Structure formats: structure tokens, C-alpha cells
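Take a look at the structure below.
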Amino acid sequence: MEISWNARYDTGIQTIDEQHQELFRIVDQLRRQVQDGADRGGIEALLKDLVACSERHFAAEETLMGQFGYPDLTQHVSEHASMLTSLHELLNKFQESQQVLALMVPTFMEGWLKHHISDGDFGFVTFLKARDLA
Ligand SMILES: [Fe+2]
Ligand SMILES: [Fe+2]
């Protein structure tokens, strides 16, 4: 089943929404490639894309949070850091040829993305909007 961004995840902050949409797109491409039995190189490239895109996205959010003095910055930053650790671990394990791990990635990422946006980012977005900053 397709893994897609939907209006439920709309924060109303364009940069963040575009980056979330991009993350969903990559995760869905991964899901499709894994399902279609794509070659190792293609899956690895997508996993690397996912890591790079997540890094960019987290850095962008953290800059915004720092700029506006978001009180839960530390907590949110540590959630980002632990997500990146998990992604790097998955990529490393995949590179060690445990191809089966790629099967976990779409489900894992979909769950995490939903959690990240619904529970994490909305706290920040609500904070910005309450202060007319977004
Ligand atoms: Fe986010
Ligand atoms: Fe976040």
C-alpha cells in the first residue's frame, strides 16, 4: 500500500511541509523498490537519499526552533538524533548485505514519520503560530 503524505500532516509552514512530502516520497519509492525486488544498488541509493534528506530536514527544523526559542528544542533534537542513528544503522546493516533489512525500512519509516510529524513537529508549529511567527 502506498505510503503517502496527506493533509493530516499539513503544518502550514511551507518549507517543513515540502520536506515532509519529500521524505514520504522517498519512503514510498523504497517500499515500491523493495516490493518489486529492485537491485541492491537502487535500494542503497534510496536509503542514502533518505539519510541525507532527513539530515537536511532535521537541521532546518532545529534552526527554526533555535531562532524562535522553542522550549522543547533539546527533546526534539534528541528525537532527531536517535532517528538518524537508527537510519545510519539500517544503512550500515544493509551494506553488510543483510538485504532483508530493507524490508523493514518502509514500515519503520512510515511509523516514525507519522510520529515525528504528529507528536513532535506539531508541538513546535503550534508554538510558532501562537506567537504569530508562522
Ligand atoms: Fe519534521
Ligand atoms: Fe522534527
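Residue names in the C-alpha cells use chain letters A, B, ... in the order shown, residue numbers from 1 in each chain, and ligand numbers from 1 in the order shown.
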
Which residues are near ligand 2 - at most 7 Å, using only C-alpha atoms and all ligand atoms? Format: as a ChimeraX atom specification.
/A:58,61,76,80,116-117,120-121

Please dump the current selection as a PDB file, in the first residue's frame; keep N, CA and C atoms.
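again.pdb, freshly written:
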```
ATOM      1  N   PHE A  58      16.006  17.781   9.458  1.00  0.00           N
ATOM      2  CA  PHE A  58      16.165  17.981  10.898  1.00  0.00           C
ATOM      3  C   PHE A  58      16.955  19.253  11.173  1.00  0.00           C
ATOM      4  N   GLU A  61      14.665  22.231  10.723  1.00  0.00           N
ATOM      5  CA  GLU A  61      13.746  22.395  11.859  1.00  0.00           C
ATOM      6  C   GLU A  61      14.469  22.925  13.088  1.00  0.00           C
ATOM      7  N   HIS A  76      13.372  17.642  21.191  1.00  0.00           N
ATOM      8  CA  HIS A  76      13.136  17.400  19.768  1.00  0.00           C
ATOM      9  C   HIS A  76      14.453  17.055  19.058  1.00  0.00           C
ATOM     10  N   HIS A  80      15.435  13.660  16.909  1.00  0.00           N
ATOM     11  CA  HIS A  80      16.045  13.667  15.570  1.00  0.00           C
ATOM     12  C   HIS A  80      17.330  12.836  15.574  1.00  0.00           C
ATOM     13  N   HIS A 116       6.791  11.456  14.133  1.00  0.00           N
ATOM     14  CA  HIS A 116       7.607  12.662  14.123  1.00  0.00           C
ATOM     15  C   HIS A 116       6.751  13.901  13.830  1.00  0.00           C
ATOM     16  N   ILE A 117       5.899  13.768  12.831  1.00  0.00           N
ATOM     17  CA  ILE A 117       5.091  14.931  12.442  1.00  0.00           C
ATOM     18  C   ILE A 117       3.974  15.183  13.453  1.00  0.00           C
ATOM     19  N   GLY A 120       5.691  15.338  17.308  1.00  0.00           N
ATOM     20  CA  GLY A 120       6.832  16.227  17.506  1.00  0.00           C
ATOM     21  C   GLY A 120       6.668  17.573  16.845  1.00  0.00           C
ATOM     22  N   ASP A 121       6.515  17.573  15.541  1.00  0.00           N
ATOM     23  CA  ASP A 121       6.529  18.843  14.813  1.00  0.00           C
ATOM     24  C   ASP A 121       5.321  19.716  15.125  1.00  0.00           C
TER      25      ASP A 121
END
```

As a quick test: using only C-alpha atoms and all ligand atoms, which residues lie no more than 12 Å away from ligand 1? Give them as a ChimeraX atom specification.
/A:9-11,13-24,53-62,64-65,76-77,79-80,83,112-125

Nearby residues (only C-alpha atoms) at most 12 Å from Ile26 of chain A, same-chain spacing under 3 positions excluded, as a PyMOL selection string
chain A and resi 2-5+19-23+29-33+42-54+105-106+109-110+113

To test your reading of the structure, identify every residue in segment 28-76 of chain A that backbone DSSP assigns to helix (DSSP H, G or I), and report it as a PyMOL selection string.
chain A and resi 28-35+40-67+73-76

For C-alpha atoms, I'd like the residues from the last selection saved as a PDB file, in the first residue's frame.
```pdb
ATOM      1  CA  ASP A  28       7.293   5.206  -0.789  1.00  0.00           C
ATOM      2  CA  GLN A  29       9.859   4.730  -3.557  1.00  0.00           C
ATOM      3  CA  LEU A  30      11.781   2.454  -1.198  1.00  0.00           C
ATOM      4  CA  ARG A  31       8.636   0.498  -0.452  1.00  0.00           C
ATOM      5  CA  ARG A  32       7.991   0.079  -4.166  1.00  0.00           C
ATOM      6  CA  GLN A  33      11.552  -0.945  -4.996  1.00  0.00           C
ATOM      7  CA  VAL A  34      11.691  -3.458  -2.160  1.00  0.00           C
ATOM      8  CA  GLN A  35       8.328  -4.867  -3.233  1.00  0.00           C
ATOM      9  CA  ARG A  40      20.718  -3.721  -4.357  1.00  0.00           C
ATOM     10  CA  GLY A  41      22.268  -0.585  -5.838  1.00  0.00           C
ATOM     11  CA  GLY A  42      18.944   1.126  -6.349  1.00  0.00           C
ATOM     12  CA  ILE A  43      17.775   0.409  -2.829  1.00  0.00           C
ATOM     13  CA  GLU A  44      21.066   1.524  -1.355  1.00  0.00           C
ATOM     14  CA  ALA A  45      20.913   4.804  -3.282  1.00  0.00           C
ATOM     15  CA  LEU A  46      17.424   5.456  -1.944  1.00  0.00           C
ATOM     16  CA  LEU A  47      18.475   4.647   1.606  1.00  0.00           C
ATOM     17  CA  LYS A  48      21.314   7.140   1.260  1.00  0.00           C
ATOM     18  CA  ASP A  49      18.885   9.715  -0.082  1.00  0.00           C
ATOM     19  CA  LEU A  50      16.652   9.126   2.878  1.00  0.00           C
ATOM     20  CA  VAL A  51      19.520   9.683   5.296  1.00  0.00           C
ATOM     21  CA  ALA A  52      20.636  12.870   3.513  1.00  0.00           C
ATOM     22  CA  CYS A  53      17.108  14.234   3.256  1.00  0.00           C
ATOM     23  CA  SER A  54      16.393  13.502   6.910  1.00  0.00           C
ATOM     24  CA  GLU A  55      19.607  15.246   7.942  1.00  0.00           C
ATOM     25  CA  ARG A  56      18.693  18.336   5.936  1.00  0.00           C
ATOM     26  CA  HIS A  57      15.163  18.362   7.250  1.00  0.00           C
ATOM     27  CA  PHE A  58      16.165  17.981  10.898  1.00  0.00           C
ATOM     28  CA  ALA A  59      18.799  20.680  10.585  1.00  0.00           C
ATOM     29  CA  ALA A  60      16.230  23.044   9.062  1.00  0.00           C
ATOM     30  CA  GLU A  61      13.746  22.395  11.859  1.00  0.00           C
ATOM     31  CA  GLU A  62      16.379  22.789  14.529  1.00  0.00           C
ATOM     32  CA  THR A  63      17.488  26.121  13.077  1.00  0.00           C
ATOM     33  CA  LEU A  64      13.908  27.402  13.158  1.00  0.00           C
ATOM     34  CA  MET A  65      13.401  26.146  16.695  1.00  0.00           C
ATOM     35  CA  GLY A  66      16.609  27.781  17.851  1.00  0.00           C
ATOM     36  CA  GLN A  67      15.737  31.029  16.120  1.00  0.00           C
ATOM     37  CA  LEU A  73      14.244  22.135  21.475  1.00  0.00           C
ATOM     38  CA  THR A  74      16.506  19.747  23.409  1.00  0.00           C
ATOM     39  CA  GLN A  75      13.901  16.987  23.458  1.00  0.00           C
ATOM     40  CA  HIS A  76      13.136  17.400  19.768  1.00  0.00           C
TER      41      HIS A  76
END
```

Kindly give the distance, in Å, that separates atom CA of Glu89 of chain A and atom CA of Phe108 of chain A, rounded to a single decimal.
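That distance, rounded to one decimal, is 12.9 Å.
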